[in-house]
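Containing CSV, C-alpha atoms and all ligand atoms: structure_31.csv.
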```
chain,number,residue,atom,x,y,z
A,1276,MET,CA,-5.7,-24.2,-12.1
A,1277,ALA,CA,-5.1,-20.5,-11.7
A,1278,THR,CA,-3.1,-19.0,-14.6
A,1279,PRO,CA,-2.1,-15.4,-13.7
A,1280,TYR,CA,-2.9,-12.9,-16.5
A,1281,ALA,CA,-1.6,-9.4,-17.1
A,1282,TYR,CA,-3.0,-6.3,-18.9
A,1283,PHE,CA,0.0,-5.4,-21.0
A,1284,LYS,CA,0.4,-3.2,-24.2
A,1285,LYS,CA,-3.4,-2.8,-24.3
A,1286,GLU,CA,-4.2,-6.6,-24.2
A,1287,PHE,CA,-4.9,-9.3,-21.7
A,1288,VAL,CA,-2.1,-11.9,-21.9
A,1289,PRO,CA,-0.7,-14.7,-19.7
A,1290,LEU,CA,1.6,-13.1,-17.2
A,1291,ALA,CA,4.5,-15.2,-18.5
A,1292,GLU,CA,4.2,-13.5,-21.9
A,1293,ALA,CA,4.3,-9.9,-20.5
A,1294,LYS,CA,7.9,-8.8,-21.0
A,1295,ILE,CA,9.6,-5.4,-21.3
A,1296,GLY,CA,12.8,-4.5,-23.2
A,1297,ILE,CA,16.0,-3.9,-21.2
A,1298,MET,CA,16.3,-0.3,-22.5
A,1299,THR,CA,12.8,0.6,-21.0
A,1300,HIS,CA,13.2,4.0,-19.4
A,1301,ALA,CA,11.4,3.1,-16.2
A,1302,PHE,CA,13.6,0.1,-15.7
A,1303,ASN,CA,16.7,2.1,-16.1
A,1304,TYR,CA,15.7,5.3,-14.2
A,1305,GLY,CA,12.9,4.3,-11.9
A,1306,THR,CA,10.4,6.5,-13.8
A,1307,GLY,CA,7.2,4.5,-13.1
A,1308,VAL,CA,4.4,4.9,-10.6
A,1309,PHE,CA,2.3,2.1,-9.2
A,1310,GLU,CA,-0.3,0.9,-6.8
A,1311,GLY,CA,-0.5,-2.2,-4.6
A,1312,ILE,CA,-4.1,-3.3,-4.2
A,1313,ARG,CA,-5.5,-6.3,-2.4
A,1314,GLY,CA,-8.2,-8.6,-3.5
A,1315,ASN,CA,-9.4,-10.4,-0.5
A,1316,TRP,CA,-10.8,-13.9,-0.6
A,1317,ASN,CA,-14.2,-14.6,0.9
A,1318,GLU,CA,-14.6,-18.3,1.2
A,1319,ASP,CA,-18.3,-18.3,2.1
A,1320,GLU,CA,-19.2,-16.5,-1.1
A,1321,ASP,CA,-16.4,-17.9,-3.3
A,1322,GLN,CA,-15.6,-14.3,-4.2
A,1323,VAL,CA,-12.6,-12.0,-4.3
A,1324,TYR,CA,-13.4,-8.5,-3.1
A,1325,ILE,CA,-11.0,-5.7,-4.2
A,1326,PHE,CA,-10.5,-3.1,-1.5
A,1327,ARG,CA,-11.0,0.6,-2.2
A,1328,VAL,CA,-9.9,0.1,-5.8
A,1329,LYS,CA,-11.2,3.6,-6.9
A,1330,GLU,CA,-9.1,5.3,-4.2
A,1331,HIS,CA,-6.0,3.4,-5.4
A,1332,TYR,CA,-6.6,4.5,-9.0
A,1333,ASP,CA,-7.2,8.1,-7.8
A,1334,ARG,CA,-3.8,8.0,-6.1
A,1335,LEU,CA,-2.2,6.5,-9.2
A,1336,ARG,CA,-3.6,9.4,-11.2
A,1337,LYS,CA,-2.0,11.9,-8.8
A,1338,SER,CA,1.3,10.0,-8.9
A,1339,CYS,CA,1.2,10.2,-12.8
A,1340,LYS,CA,0.6,14.0,-12.6
A,1341,ILE,CA,3.7,14.5,-10.4
A,1342,MET,CA,5.8,12.3,-12.7
A,1343,ARG,CA,4.3,13.7,-16.0
A,1344,ILE,CA,3.0,10.3,-17.1
A,1345,GLU,CA,0.1,10.3,-19.4
A,1346,PHE,CA,-2.8,8.3,-18.0
A,1347,PRO,CA,-5.8,8.4,-20.3
A,1348,TYR,CA,-8.1,6.0,-18.5
A,1349,GLU,CA,-11.4,6.5,-16.7
A,1350,THR,CA,-11.7,5.1,-13.3
A,1351,GLU,CA,-14.7,2.9,-14.3
A,1352,GLU,CA,-12.7,1.4,-17.1
A,1353,LEU,CA,-9.8,0.7,-14.8
A,1354,VAL,CA,-12.0,-1.0,-12.2
A,1355,SER,CA,-13.5,-3.3,-14.9
A,1356,MET,CA,-10.1,-4.1,-16.3
A,1357,THR,CA,-8.9,-5.0,-12.8
A,1358,THR,CA,-11.9,-7.3,-11.9
A,1359,ARG,CA,-11.6,-8.9,-15.3
A,1360,LEU,CA,-8.0,-9.7,-14.7
A,1361,VAL,CA,-8.7,-11.5,-11.4
A,1362,GLU,CA,-11.6,-13.4,-13.0
A,1363,MET,CA,-9.5,-14.4,-16.0
A,1364,SER,CA,-6.7,-15.6,-13.7
A,1365,ASP,CA,-9.3,-17.7,-11.9
A,1366,MET,CA,-7.7,-17.0,-8.5
A,1367,HIS,CA,-9.6,-18.1,-5.4
A,1368,GLU,CA,-7.3,-16.8,-2.7
A,1369,ASP,CA,-5.9,-13.5,-1.4
A,1370,VAL,CA,-4.4,-11.7,-4.4
A,1371,TYR,CA,-2.2,-8.6,-4.9
A,1372,ILE,CA,-2.9,-6.4,-7.9
A,1373,ARG,CA,-0.2,-4.2,-9.3
A,1374,PRO,CA,-1.1,-1.4,-11.7
A,1375,LEU,CA,2.0,0.4,-13.1
A,1376,ALA,CA,2.1,3.5,-15.3
A,1377,TYR,CA,5.6,4.0,-16.6
A,1378,LYS,CA,7.9,5.7,-19.1
A,1379,SER,CA,8.0,2.9,-21.7
A,1380,ALA,CA,10.3,4.5,-24.2
A,1381,GLU,CA,13.3,2.5,-25.0
A,1382,VAL,CA,15.7,5.4,-25.1
A,1383,LEU,CA,18.6,6.7,-23.0
A,1384,GLY,CA,18.4,10.1,-21.3
A,1385,VAL,CA,17.3,11.1,-17.8
A,1386,ARG,CA,14.2,13.3,-18.0
A,1387,LEU,CA,10.4,13.0,-17.8
A,1388,HIS,CA,9.4,14.9,-21.0
A,1389,ASP,CA,9.2,13.7,-24.6
A,1390,LEU,CA,8.9,10.0,-23.7
A,1391,GLU,CA,6.2,7.5,-24.4
A,1392,ASP,CA,4.2,6.2,-21.5
A,1393,ASP,CA,2.4,2.9,-21.1
A,1394,PHE,CA,0.3,1.2,-18.4
A,1395,LEU,CA,0.1,-2.4,-17.2
A,1396,ILE,CA,-1.6,-4.4,-14.5
A,1397,PHE,CA,-0.6,-7.8,-13.2
A,1398,VAL,CA,-2.0,-10.0,-10.4
A,1399,ALA,CA,-0.3,-12.5,-8.1
A,1400,PRO,CA,-1.3,-14.6,-5.1
A,1401,PHE,CA,-0.4,-12.8,-1.9
A,1402,GLY,CA,-0.8,-14.0,1.7
A,1403,PRO,CA,0.1,-12.3,4.9
A,1404,TYR,CA,3.2,-9.9,4.8
A,1405,LEU,CA,4.0,-9.3,8.5
A,1406,ASP,CA,3.1,-11.6,11.4
A,1407,LEU,CA,0.0,-9.9,12.7
A,1408,GLU,CA,-0.5,-12.1,15.8
A,1409,LYS,CA,3.1,-11.8,17.0
A,1410,GLY,CA,3.4,-8.2,15.9
A,1411,ALA,CA,6.5,-6.5,14.4
A,1412,ARG,CA,9.8,-5.9,16.1
A,1413,CYS,CA,11.1,-2.7,14.6
A,1414,GLN,CA,14.2,-0.6,14.4
A,1415,THR,CA,14.6,3.1,13.8
A,1416,SER,CA,16.3,3.1,10.5
A,1417,SER,CA,19.6,4.9,9.9
A,1418,TRP,CA,18.1,5.7,6.5
A,1419,ARG,CA,15.9,8.9,6.4
A,1420,ARG,CA,12.7,9.0,4.4
A,1421,VAL,CA,13.2,10.8,1.2
A,1422,ALA,CA,11.9,14.4,1.4
A,1423,ASP,CA,9.4,16.1,-0.9
A,1424,THR,CA,12.3,18.2,-2.0
A,1425,GLY,CA,14.1,15.1,-3.3
A,1426,ILE,CA,11.7,12.5,-4.4
A,1427,PRO,CA,8.1,13.2,-3.4
A,1428,ALA,CA,6.9,10.3,-1.1
A,1429,ARG,CA,3.2,11.2,-1.7
A,1430,ALA,CA,3.7,9.7,-5.2
A,1431,LYS,CA,4.2,6.0,-5.3
A,1432,ILE,CA,7.2,6.1,-7.6
A,1433,THR,CA,9.1,2.8,-8.4
A,1434,GLY,CA,12.5,4.5,-7.9
A,1435,ILE,CA,11.6,5.7,-4.4
A,1436,TYR,CA,11.5,2.0,-3.3
A,1437,ALA,CA,15.3,2.0,-3.3
A,1438,ASN,CA,14.9,4.1,-0.1
A,1439,SER,CA,12.4,1.6,1.4
A,1440,ALA,CA,14.6,-1.4,0.4
A,1441,LEU,CA,17.7,0.1,2.0
A,1442,ALA,CA,15.8,0.5,5.3
A,1443,LYS,CA,14.0,-2.9,5.1
A,1444,THR,CA,17.2,-4.9,4.5
A,1445,GLU,CA,19.1,-3.0,7.2
A,1446,ALA,CA,16.4,-3.8,9.7
A,1447,GLN,CA,16.1,-7.5,8.7
A,1448,LEU,CA,19.8,-8.1,8.6
A,1449,ASN,CA,20.0,-6.6,12.1
A,1450,GLY,CA,17.4,-9.1,13.2
A,1451,PHE,CA,14.2,-7.0,13.2
A,1452,ASP,CA,11.0,-7.4,11.2
A,1453,GLU,CA,10.6,-3.9,9.9
A,1454,ALA,CA,12.2,-0.4,9.7
A,1455,ILE,CA,10.7,2.8,10.9
A,1456,MET,CA,12.1,5.8,9.1
A,1457,LEU,CA,12.4,9.4,10.3
A,1458,ASP,CA,11.9,12.3,8.0
A,1459,GLU,CA,14.7,14.8,7.3
A,1460,ARG,CA,13.6,16.9,10.3
A,1461,GLY,CA,13.9,13.8,12.6
A,1462,HIS,CA,10.2,13.1,13.1
A,1463,ILE,CA,8.6,9.7,12.6
A,1464,SER,CA,7.7,9.3,8.9
A,1465,GLU,CA,6.7,5.7,8.1
A,1466,GLY,CA,7.8,2.1,7.7
A,1467,SER,CA,9.4,0.7,4.5
A,1468,GLY,CA,5.8,0.0,3.2
A,1469,GLU,CA,3.5,1.1,6.0
A,1470,ASN,CA,2.1,4.1,7.8
A,1471,ILE,CA,2.5,4.5,11.6
A,1472,PHE,CA,0.0,5.1,14.3
A,1473,ILE,CA,0.3,5.5,18.1
A,1474,VAL,CA,-2.3,5.4,20.8
A,1475,MET,CA,-1.7,7.8,23.7
A,1476,ASP,CA,-4.2,8.7,26.4
A,1477,GLY,CA,-7.1,7.3,24.3
A,1478,LYS,CA,-6.2,9.3,21.2
A,1479,LEU,CA,-5.0,8.0,17.9
A,1480,ILE,CA,-2.1,9.9,16.5
A,1481,THR,CA,-0.4,9.6,13.1
A,1482,PRO,CA,2.2,11.7,11.2
A,1483,PRO,CA,0.8,14.2,8.7
A,1484,PRO,CA,1.4,14.1,4.9
A,1485,SER,CA,4.1,16.7,5.4
A,1486,SER,CA,6.2,14.1,7.2
A,1487,ASP,CA,7.0,12.7,3.8
A,1488,ILE,CA,4.7,9.7,4.0
A,1489,LEU,CA,2.8,7.9,1.3
A,1490,VAL,CA,-0.7,9.0,2.2
A,1491,GLY,CA,-2.0,5.4,2.7
A,1492,ILE,CA,-5.4,4.1,1.9
A,1493,THR,CA,-5.3,1.7,4.8
A,1494,ARG,CA,-4.3,4.8,6.9
A,1495,ASP,CA,-7.5,6.5,5.8
A,1496,THR,CA,-9.5,3.4,6.5
A,1497,VAL,CA,-8.2,3.1,10.0
A,1498,MET,CA,-8.7,6.8,10.7
A,1499,THR,CA,-12.3,6.5,9.5
A,1500,LEU,CA,-12.9,3.4,11.6
A,1501,ALA,CA,-11.3,4.9,14.7
A,1502,ARG,CA,-13.5,8.0,14.4
A,1503,GLU,CA,-16.8,6.4,13.3
A,1504,GLU,CA,-16.7,3.0,15.0
A,1505,LEU,CA,-14.6,3.6,18.1
A,1506,GLY,CA,-15.5,7.3,18.7
A,1507,MET,CA,-11.8,8.2,19.0
A,1508,ASP,CA,-10.1,11.5,18.4
A,1509,VAL,CA,-7.7,11.1,15.5
A,1510,ILE,CA,-4.9,13.6,15.3
A,1511,GLU,CA,-2.4,14.2,12.5
A,1512,ARG,CA,0.8,15.8,14.0
A,1513,ASP,CA,4.5,15.4,14.1
A,1514,ILE,CA,5.6,12.5,16.2
A,1515,ASP,CA,9.0,12.2,17.9
A,1516,ARG,CA,10.9,8.9,17.9
A,1517,THR,CA,10.7,8.6,21.7
A,1518,GLU,CA,6.9,9.0,21.8
A,1519,LEU,CA,6.8,5.6,20.2
A,1520,TYR,CA,8.8,4.2,23.1
A,1521,ILE,CA,6.3,5.4,25.7
A,1522,ALA,CA,3.1,5.0,23.6
A,1523,ASP,CA,0.3,2.8,25.0
A,1524,GLU,CA,0.1,1.2,21.6
A,1525,CYS,CA,1.7,1.4,18.2
A,1526,PHE,CA,0.8,-0.2,14.9
A,1527,MET,CA,1.5,0.0,11.2
A,1528,THR,CA,-1.0,0.0,8.4
A,1529,GLY,CA,-0.7,-0.8,4.7
A,1530,THR,CA,-2.2,-2.8,1.9
A,1531,ALA,CA,0.4,-5.5,2.4
A,1532,ALA,CA,0.7,-5.3,6.2
A,1533,HIS,CA,-3.0,-4.8,6.9
A,1534,VAL,CA,-3.0,-3.5,10.6
A,1535,THR,CA,0.1,-4.9,12.3
A,1536,PRO,CA,1.0,-4.1,15.9
A,1537,VAL,CA,4.6,-2.8,16.5
A,1538,VAL,CA,5.4,-4.6,19.7
A,1539,GLU,CA,9.0,-3.5,20.1
A,1540,LEU,CA,11.1,-0.5,18.8
A,1541,ASP,CA,14.9,-0.2,19.3
A,1542,ARG,CA,14.8,-3.0,21.9
A,1543,ARG,CA,12.1,-1.4,24.0
A,1544,LEU,CA,8.8,-3.0,24.4
A,1545,ILE,CA,5.8,-0.9,23.4
A,1546,GLY,CA,3.0,-1.1,26.0
A,1547,ASP,CA,3.2,-4.7,27.3
A,1548,GLY,CA,4.7,-6.0,24.0
A,1549,LYS,CA,1.5,-7.4,22.7
A,1550,MET,CA,-1.4,-6.3,20.5
A,1551,GLY,CA,-3.2,-3.6,22.4
A,1552,PRO,CA,-7.0,-3.2,22.7
A,1553,VAL,CA,-7.4,-0.4,20.1
A,1554,ALA,CA,-5.4,-2.3,17.5
A,1555,ALA,CA,-7.3,-5.5,18.3
A,1556,GLU,CA,-10.7,-3.8,17.8
A,1557,LEU,CA,-9.5,-2.2,14.5
A,1558,VAL,CA,-8.1,-5.5,13.3
A,1559,ARG,CA,-11.5,-7.2,14.0
A,1560,LEU,CA,-13.4,-4.5,12.1
A,1561,TYR,CA,-10.9,-4.3,9.3
A,1562,PHE,CA,-10.8,-7.9,8.4
A,1563,ASP,CA,-14.6,-8.2,8.2
A,1564,ILE,CA,-14.7,-5.1,6.0
A,1565,ILE,CA,-12.0,-6.0,3.5
A,1566,LYS,CA,-13.6,-9.4,2.9
A,1567,GLY,CA,-16.9,-7.8,2.1
A,1568,LYS,CA,-18.6,-8.9,5.3
A,1569,ASN,CA,-19.8,-5.6,6.7
A,1570,ALA,CA,-22.7,-4.1,4.8
A,1571,LYS,CA,-22.0,-0.5,6.0
A,1572,TYR,CA,-18.7,-0.5,4.2
A,1573,ALA,CA,-19.7,-2.6,1.2
A,1574,PRO,CA,-19.0,0.4,-1.2
A,1575,TRP,CA,-15.3,-0.1,-0.4
A,1576,CYS,CA,-15.4,-3.6,-1.8
A,1577,THR,CA,-15.6,-4.5,-5.4
A,1578,PRO,CA,-16.5,-8.2,-6.3
A,1579,CYS,CA,-14.5,-9.8,-9.1
A,1580,TYR,CA,-16.5,-12.8,-10.0
A,1581,SER,CA,-19.6,-11.6,-11.9
A,1582,ARG,CA,-21.7,-14.6,-10.9
A,1583,VAL,CA,-22.0,-13.1,-7.4
A,1584,LYS,CA,-23.9,-9.8,-7.3
A,1585,ALA,CA,-22.5,-6.9,-5.3
B,1,LIG,C1,6.1,3.6,1.7
B,1,LIG,C2,4.7,3.2,2.0
B,1,LIG,N1,4.0,3.8,2.9
B,1,LIG,C3,2.7,3.5,3.2
B,1,LIG,C4,2.0,2.5,2.5
B,1,LIG,C5,0.6,2.1,2.9
B,1,LIG,O1,-0.2,2.6,1.9
B,1,LIG,P1,-1.6,1.8,1.6
B,1,LIG,O2,-2.3,1.7,2.9
B,1,LIG,O3,-2.3,2.7,0.6
B,1,LIG,O4,-1.2,0.5,1.0
B,1,LIG,C6,2.7,1.8,1.5
B,1,LIG,C7,2.1,0.8,0.8
B,1,LIG,O5,1.6,0.9,-0.3
B,1,LIG,C8,4.0,2.2,1.2
B,1,LIG,O6,4.7,1.5,0.2
```

As a first step, turn the structure in this file into structure tokens.
Ligand SMILES: Cc1ncc(COP(=O)(O)O)c(C=O)c1O
Amino acid sequence: MATPYAYFKKEFVPLAEAKIGIMTHAFNYGTGVFEGIRGNWNEDEDQVYIFRVKEHYDRLRKSCKIMRIEFPYETEELVSMTTRLVEMSDMHEDVYIRPLAYKSAEVLGVRLHDLEDDFLIFVAPFGPYLDLEKGARCQTSSWRRVADTGIPARAKITGIYANSALAKTEAQLNGFDEAIMLDERGHISEGSGENIFIVMDGKLITPPPSSDILVGITRDTVMTLAREELGMDVIERDIDRTELYIADECFMTGTAAHVTPVVELDRRLIGDGKMGPVAAELVRLYFDIIKGKNAKYAPWCTPCYSRVKA
């Protein structure tokens, strides 16, 4: 039986024993930064492959820098802590790994300086997030994506997810699957937990980091695959809301969402309302890669169970 473990206060402990105090600064003020990493189950090899773990820890390091959180860990050390956690938890399924660096001081006072920091990792089973086959029916959110001048979206800050939660709940209670947020200038930014792409005239187009997006690792993966495997031009530029209405295809990318087609926005079908050919080809490549089945992209996949060699 799988028992989830956590790395907490510099020890590996059963997840059920990892508890924080109610005065913890990050809990009160949203002063933590985190990552969402997937471990993907490969049944043939009885192996869990963690996808682009180094890139996730690189992004965490940048988030820490922005939020003045001390993060004294080497990447190699973080990778081995992460694989060890999955191995200890004995999970043989798709898993979600959540590293979180945070202001751990149990004191009152809104600030970032003169506070203790800590770091934890936990792991949980995690299946599909959006329905990839059916695609997502989306709504342009009435909530704007927070700007770099407010809370920087390039940092994956716990407190920023109040913005995502407002948008996601509005969309779901209105009968949609996901929200698409505009940036403060009114251009397409991102979903509540996904980056956005459109296909127009054979080109793949996505908003730039200056559209207040989290610069996604799945986004980078898809851009690389589109260029290198599909030979497509990939363009980062501002995108208007109505460009999505008339796009040939639209899809979202994210660690949770994988590559999920957006089949409808604001009650207008996108393309013919089904997964388009570019998304289908990217989905096919992507799922093989994340499960460690494509030798060319093996460096992106880190095996957890040591009995199987990389
Ligand atoms: C707001 C937001 N945008 C985009 C993404 C996609 O990023 P990634 O592909 O690195 O998971 C996420 C998920 O982490 C997210 O929370």

Discussion item. Within 10 Å of ligand LIG 1 (chain B) (counting only C-alpha atoms and all ligand atoms), which residues show up? I'd like them as a ChimeraX atom specification.
Written reply: /A:1309-1313,1327,1330-1331,1334,1420,1428-1433,1435-1436,1438-1440,1456,1464-1471,1487-1497,1527-1534

re CA of Ala1277 (chain A) and CA of Asp1321 (chain A): distance 14.3 Å

Q: Rounded to one decimal place, report the CA of Leu1457 (chain A)-CA of Pro1374 (chain A) distance in Å.
A: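 Result for CA of Leu1457 (chain A) versus CA of Pro1374 (chain A): 28.0 Å, one decimal.
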
Task: Near-Arg1343 (chain A) list (10 Å; all atoms listed in the file; drop same-chain fewer than 2 positions) as a PyMOL selection string - done: chain A and resi 1306+1337-1341+1345-1346+1377-1378+1387-1390+1392

Q | One-decimal distance in Å that lies between CA of Ile1396 (chain A) and CA of Lys1284 (chain A) | A |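 Taking CA of Lys1284 (chain A) and CA of Ile1396 (chain A), their separation equals 10.0 Å.
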
When you count only C-alpha atoms, which of these residues is closest to Asp1563 (chain A): A:Asp1547, A:Leu1405, A:Cys1576, A:Phe1302?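 That would be A:Cys1576, the residue with the smallest distance to Asp1563 (chain A).
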
Point to revise | Proximity to Thr1278 (chain A) - best of A:Tyr1304, A:Val1398, A:Thr1299, A:Met1356, all atoms listed in the file | key: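 For Thr1278 (chain A), the nearest of the candidates is A:Val1398.
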
### Message
If we count only C-alpha atoms and set the cut-off at 6 Å, which residues sit around His1300 (chain A), ignoring sequence neighbours fewer than 5 positions away in its own chain? Please answer as a PyMOL selection string.
### Response
chain A and resi 1378-1381

Margin query: Env of Leu1360 (chain A): 8 Å cut, atoms = only C-alpha atoms, seq-sep filter 2 positions within chain, self excluded. Answer as a PyMOL selection string.
Written below: chain A and resi 1280-1282+1287+1356-1358+1362-1364+1397-1398

Restricting to all atoms listed in the file, whichever of A:Pro1552, A:Gly1314, A:Gly1461, A:Gly1567 is closest to Pro1482 (chain A) is A:Gly1461

If you count only C-alpha atoms, the residue of A:Arg1336, A:Arg1512, A:Arg1359, A:Arg1386 closest to Ala1301 (chain A) turns out to be A:Arg1386

How would you write as a list in words the residues that get within 6 Å of (-12.4, -5.3, -4.5) in the file's frame, counting all atoms listed in the file?
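The distance filter leaves exactly Gly1314, Tyr1324, Ile1325, Phe1326, Cys1576, Thr1577 and Pro1578 of chain A.
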
With only C-alpha atoms as the counted atoms, please give the residues lying no more than 6 Å from Ala1376 (chain A), apart from itself and same-chain residues fewer than 2 positions off, as a PyMOL selection string. chain A and resi 1307-1308+1393-1394

Just want the 8 Å neighbourhood of region 1517-1521 of chain A, counted on all atoms listed in the file, with same-chain residues fewer than 3 positions away dropped. Output as a list in words.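 Here the answer would be Ile1473, Ile1514, Cys1525, Leu1540, Arg1543, Leu1544, Ile1545 and Gly1546 of chain A.
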
Just-selected residues, C-alpha atoms written as a short mmCIF file (atom, residue, chain, number, x, y, z; two decimals), in the frame of the given file:
```cif
data_model
loop_
_atom_site.label_atom_id
_atom_site.label_comp_id
_atom_site.auth_asym_id
_atom_site.auth_seq_id
_atom_site.Cartn_x
_atom_site.Cartn_y
_atom_site.Cartn_z
CA ILE A 1473 0.30 5.50 18.10
CA ILE A 1514 5.60 12.50 16.20
CA CYS A 1525 1.70 1.40 18.20
CA LEU A 1540 11.10 -0.50 18.80
CA ARG A 1543 12.10 -1.40 24.00
CA LEU A 1544 8.80 -3.00 24.40
CA ILE A 1545 5.80 -0.90 23.40
CA GLY A 1546 3.00 -1.10 26.00
#
```

Using all atoms listed in the file, what residues lie at most 8 Å away from (-11.0, -18.4, -4.5) (file coordinates), given as a list of chain:residue names?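 Protein, DNA and RNA residues close to (-11.0, -18.4, -4.5): A:Trp1316, A:Asn1317, A:Glu1318, A:Asp1321, A:Gln1322, A:Val1323, A:Asp1365, A:Met1366, A:His1367, A:Glu1368, A:Asp1369.
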
With C-alpha atoms retained, export the selected residues as a PDB file, keeping the file's coordinate frame.
```
ATOM      1  CA  TRP A1316     -10.800 -13.900  -0.600  1.00  0.00           C
ATOM      2  CA  ASN A1317     -14.200 -14.600   0.900  1.00  0.00           C
ATOM      3  CA  GLU A1318     -14.600 -18.300   1.200  1.00  0.00           C
ATOM      4  CA  ASP A1321     -16.400 -17.900  -3.300  1.00  0.00           C
ATOM      5  CA  GLN A1322     -15.600 -14.300  -4.200  1.00  0.00           C
ATOM      6  CA  VAL A1323     -12.600 -12.000  -4.300  1.00  0.00           C
ATOM      7  CA  ASP A1365      -9.300 -17.700 -11.900  1.00  0.00           C
ATOM      8  CA  MET A1366      -7.700 -17.000  -8.500  1.00  0.00           C
ATOM      9  CA  HIS A1367      -9.600 -18.100  -5.400  1.00  0.00           C
ATOM     10  CA  GLU A1368      -7.300 -16.800  -2.700  1.00  0.00           C
ATOM     11  CA  ASP A1369      -5.900 -13.500  -1.400  1.00  0.00           C
TER      12      ASP A1369
END
```

Kindly write region 1376-1387 of chain A with C-alpha atoms to a file, as a compact mmCIF listing (two decimals), in the first residue's frame.
```
# COMPACT_ATOMS: atom_id res chain seq x y z
CA ALA A 1376 9.65 27.28 -0.07
CA TYR A 1377 8.01 29.61 2.39
CA LYS A 1378 8.21 32.17 5.15
CA SER A 1379 7.97 29.77 8.07
CA ALA A 1380 8.29 32.29 10.93
CA GLU A 1381 5.31 32.21 13.28
CA VAL A 1382 5.07 35.97 13.69
CA LEU A 1383 2.65 38.69 12.71
CA GLY A 1384 3.69 41.48 10.35
CA VAL A 1385 3.44 41.95 6.59
CA ARG A 1386 6.93 41.99 5.09
CA LEU A 1387 9.47 39.72 3.42
```
